[in-house]
Amino acid sequence: MTSFDSAKDLVLVVGATGGVGQLVVGKLLEKNLKVRVLTRNAAKAEEMFNQKVEIAVGDIRQPATLPAAMPGVTHIINCTGTTAFPSARWEFDETPNLIEWGIIFFNPKSSQAKAKNSPTKIDAQGVSNLVTTAPQNLKRFVFVSSCGILRKNQFPFSILNSFGVLDAKQKGEESIINSGLPYTIIRPGRLIDGPYTSYDLNTLLKAKTGGKYGVVIGTGDTLSGDASRIDVANACVECLFQPNSSRKIFEIVNQGQRPPVIDWETLFSGIE
């Protein structure tokens, strides 16, 4: 098992105020690890994490803002993402009217070009920017991707990829793999379970999945199904302690009967 030096090691969580990211931060703090979050909204992060983390203001879409977040970082967990279909979260320069929404919805290339927060900007270009800026002695780069990367022409992933979210995730994966950095790429199924909105830190530290299903890990992009955000966040953190998960890609879904305790070491030992 990989040991952390609590006095020296520092985990940078990117996308920390999102659903999975919040839970990742909570899990890291529960393990008494040092955490820095990269955020565009310092006030939101300060309110959410109650001064328990370091805060670096930056934007993965803006490469010049990233170096200041990197000093001392030994691990990166990237939980960024946006909606698969055009929405307000894509941050269009101007709010489209009904006719423009129709054009955007039926023209994927147009929608990507008009938006500042599209999958291309976040999952492809943003991840590439983050990889380029990461310390060369990084111990692990963890990336939350998606099931279906290798099945983009199959239903339902062909629908999910209508606006290129899986294409962008795949480009992000390739940036990480080609960088030479140690990595773990996690491809969850359809995300379920909260938090759907910002939780306070006490809630995050107590978060447990309410589901009755176990955790299944697979390789080769063959799994389908739902994945609890809580279990995905746990996988992001637990993989850092499993040497066998380095330079590996795996899918995660919830299936079967849930045991009293999830044995992450055994789950990761099955990754080939």
# chains A, B, ... in the order shown; residues from 1 in each chain; ligands from 1

call {"tool": "residues_around", "arguments": {"residues": "stretch 68-85 of chain A", "least_positions_apart": "5", "cutoff": "9 Å", "atoms": "only C-alpha atoms", "output": "PyMOL selection string"}}
result
chain A and resi 8-16+18-21+24+36-38+55-58+90+105+117-119+122-123+126-127+130+133-135+137-145+160-166+233+236-237+240

call {"tool": "write_last_selection", "arguments": {"atoms": "C-alpha atoms", "output": "mmCIF file, in the first residue's frame"}}
result
data_model
loop_
_atom_site.group_PDB
_atom_site.id
_atom_site.type_symbol
_atom_site.label_atom_id
_atom_site.label_comp_id
_atom_site.auth_asym_id
_atom_site.auth_seq_id
_atom_site.Cartn_x
_atom_site.Cartn_y
_atom_site.Cartn_z
ATOM 1 C CA LYS A 8 4.760 16.802 2.549
ATOM 2 C CA ASP A 9 2.154 15.296 0.221
ATOM 3 C CA LEU A 10 -0.545 17.586 -1.111
ATOM 4 C CA VAL A 11 -3.581 16.622 -3.189
ATOM 5 C CA LEU A 12 -4.959 19.160 -5.654
ATOM 6 C CA VAL A 13 -8.665 18.620 -6.343
ATOM 7 C CA VAL A 14 -9.918 20.210 -9.543
ATOM 8 C CA GLY A 15 -13.687 20.589 -9.845
ATOM 9 C CA ALA A 16 -13.901 20.459 -6.051
ATOM 10 C CA GLY A 18 -18.999 19.869 -8.106
ATOM 11 C CA GLY A 19 -20.923 16.783 -7.039
ATOM 12 C CA VAL A 20 -18.091 14.235 -7.103
ATOM 13 C CA GLY A 21 -15.427 16.806 -6.236
ATOM 14 C CA VAL A 24 -13.528 13.680 -2.879
ATOM 15 C CA ARG A 36 -5.728 22.255 -2.096
ATOM 16 C CA VAL A 37 -8.692 23.015 -4.325
ATOM 17 C CA LEU A 38 -8.567 24.759 -7.678
ATOM 18 C CA ILE A 55 -7.693 27.503 -2.028
ATOM 19 C CA ALA A 56 -6.104 28.330 -5.360
ATOM 20 C CA VAL A 57 -8.038 30.485 -7.779
ATOM 21 C CA GLY A 58 -7.698 29.331 -11.369
ATOM 22 C CA TRP A 90 -22.201 25.762 -21.126
ATOM 23 C CA PHE A 105 -29.382 21.837 -30.357
ATOM 24 C CA ASN A 117 -17.935 25.834 -20.897
ATOM 25 C CA SER A 118 -18.625 23.080 -23.426
ATOM 26 C CA PRO A 119 -17.199 19.531 -23.182
ATOM 27 C CA ILE A 122 -13.485 21.488 -20.289
ATOM 28 C CA ASP A 123 -12.841 17.790 -20.944
ATOM 29 C CA GLY A 126 -8.990 22.033 -20.062
ATOM 30 C CA VAL A 127 -7.584 18.632 -19.156
ATOM 31 C CA LEU A 130 -3.903 20.857 -16.575
ATOM 32 C CA THR A 133 1.058 22.411 -16.052
ATOM 33 C CA ALA A 134 1.234 19.442 -13.650
ATOM 34 C CA PRO A 135 4.500 18.866 -11.768
ATOM 35 C CA ASN A 137 7.325 14.483 -10.345
ATOM 36 C CA LEU A 138 3.605 14.008 -9.764
ATOM 37 C CA LYS A 139 2.795 10.731 -8.014
ATOM 38 C CA ARG A 140 -0.661 10.287 -9.564
ATOM 39 C CA PHE A 141 -3.109 12.069 -11.866
ATOM 40 C CA VAL A 142 -6.677 10.803 -11.346
ATOM 41 C CA PHE A 143 -9.259 11.688 -13.987
ATOM 42 C CA VAL A 144 -13.013 11.086 -13.814
ATOM 43 C CA SER A 145 -14.035 10.192 -17.367
ATOM 44 C CA LEU A 160 -24.954 10.689 -24.936
ATOM 45 C CA ASN A 161 -22.237 11.676 -27.398
ATOM 46 C CA SER A 162 -24.538 13.730 -29.626
ATOM 47 C CA PHE A 163 -22.670 16.893 -28.683
ATOM 48 C CA GLY A 164 -19.257 15.300 -28.316
ATOM 49 C CA VAL A 165 -18.935 14.757 -24.572
ATOM 50 C CA LEU A 166 -17.400 11.288 -24.994
ATOM 51 C CA ALA A 233 -15.411 9.756 -5.073
ATOM 52 C CA CYS A 236 -10.785 8.490 -6.696
ATOM 53 C CA VAL A 237 -9.250 8.580 -3.245
ATOM 54 C CA LEU A 240 -4.125 6.579 -4.563
#

call {"tool": "residues_around", "arguments": {"residues": "A:Val216", "least_positions_apart": "2", "cutoff": "9 Å", "atoms": "only C-alpha atoms", "output": "JSON, numbers by chain"}}
result
{"A": [214, 218, 223, 251, 252, 253, 254, 255, 256, 267]}

call {"tool": "closest_residue", "arguments": {"among": "A:Thr17, A:Gln136, A:Asn234, A:Ser6", "to": "A:Ala43", "atoms": "only C-alpha atoms"}}
result
A:Thr17

call {"tool": "select_by_dssp", "arguments": {"residues": "stretch 160-272 of chain A", "states": "strand (DSSP E)", "output": "PyMOL selection string"}}
result
chain A and resi 183-188+190-192+213-218+226-228+248-257

call {"tool": "atom_distance", "arguments": {"atom1": "atom CA of A:Ser269", "atom2": "atom CA of A:Gln22"}}
result
26.6 Å

call {"tool": "residues_around", "arguments": {"residues": "A:Ile262", "least_positions_apart": "5", "cutoff": "12 Å", "atoms": "only C-alpha atoms", "output": "JSON, numbers by chain"}}
result
{"A": [208, 209, 212, 213, 214, 215, 216, 217, 230, 231, 234, 235, 238, 254, 257, 267, 268]}

call {"tool": "write_last_selection", "arguments": {"atoms": "C-alpha atoms", "output": "PDB file, in the first residue's frame"}}
result
ATOM      1  CA  LYS A 208     -22.806   7.436   2.681  1.00  0.00           C
ATOM      2  CA  THR A 209     -24.472   5.845  -0.290  1.00  0.00           C
ATOM      3  CA  LYS A 212     -28.194  -1.333  -1.746  1.00  0.00           C
ATOM      4  CA  TYR A 213     -25.922  -2.250  -4.633  1.00  0.00           C
ATOM      5  CA  GLY A 214     -22.312  -3.298  -4.548  1.00  0.00           C
ATOM      6  CA  VAL A 215     -19.394  -1.769  -6.419  1.00  0.00           C
ATOM      7  CA  VAL A 216     -18.262  -3.443  -9.635  1.00  0.00           C
ATOM      8  CA  ILE A 217     -15.018  -2.507 -11.365  1.00  0.00           C
ATOM      9  CA  ILE A 230     -20.154   8.656  -3.354  1.00  0.00           C
ATOM     10  CA  ASP A 231     -18.586   5.424  -4.624  1.00  0.00           C
ATOM     11  CA  ASN A 234     -14.230   6.927  -2.844  1.00  0.00           C
ATOM     12  CA  ALA A 235     -12.607   5.247  -5.855  1.00  0.00           C
ATOM     13  CA  GLU A 238      -8.761   4.881  -2.563  1.00  0.00           C
ATOM     14  CA  ASN A 254     -23.171  -0.256  -8.850  1.00  0.00           C
ATOM     15  CA  GLN A 257     -25.769  -6.948  -3.313  1.00  0.00           C
ATOM     16  CA  LEU A 267     -11.475  -4.546  -6.197  1.00  0.00           C
ATOM     17  CA  PHE A 268      -8.343  -2.846  -7.493  1.00  0.00           C
TER      18      PHE A 268
END
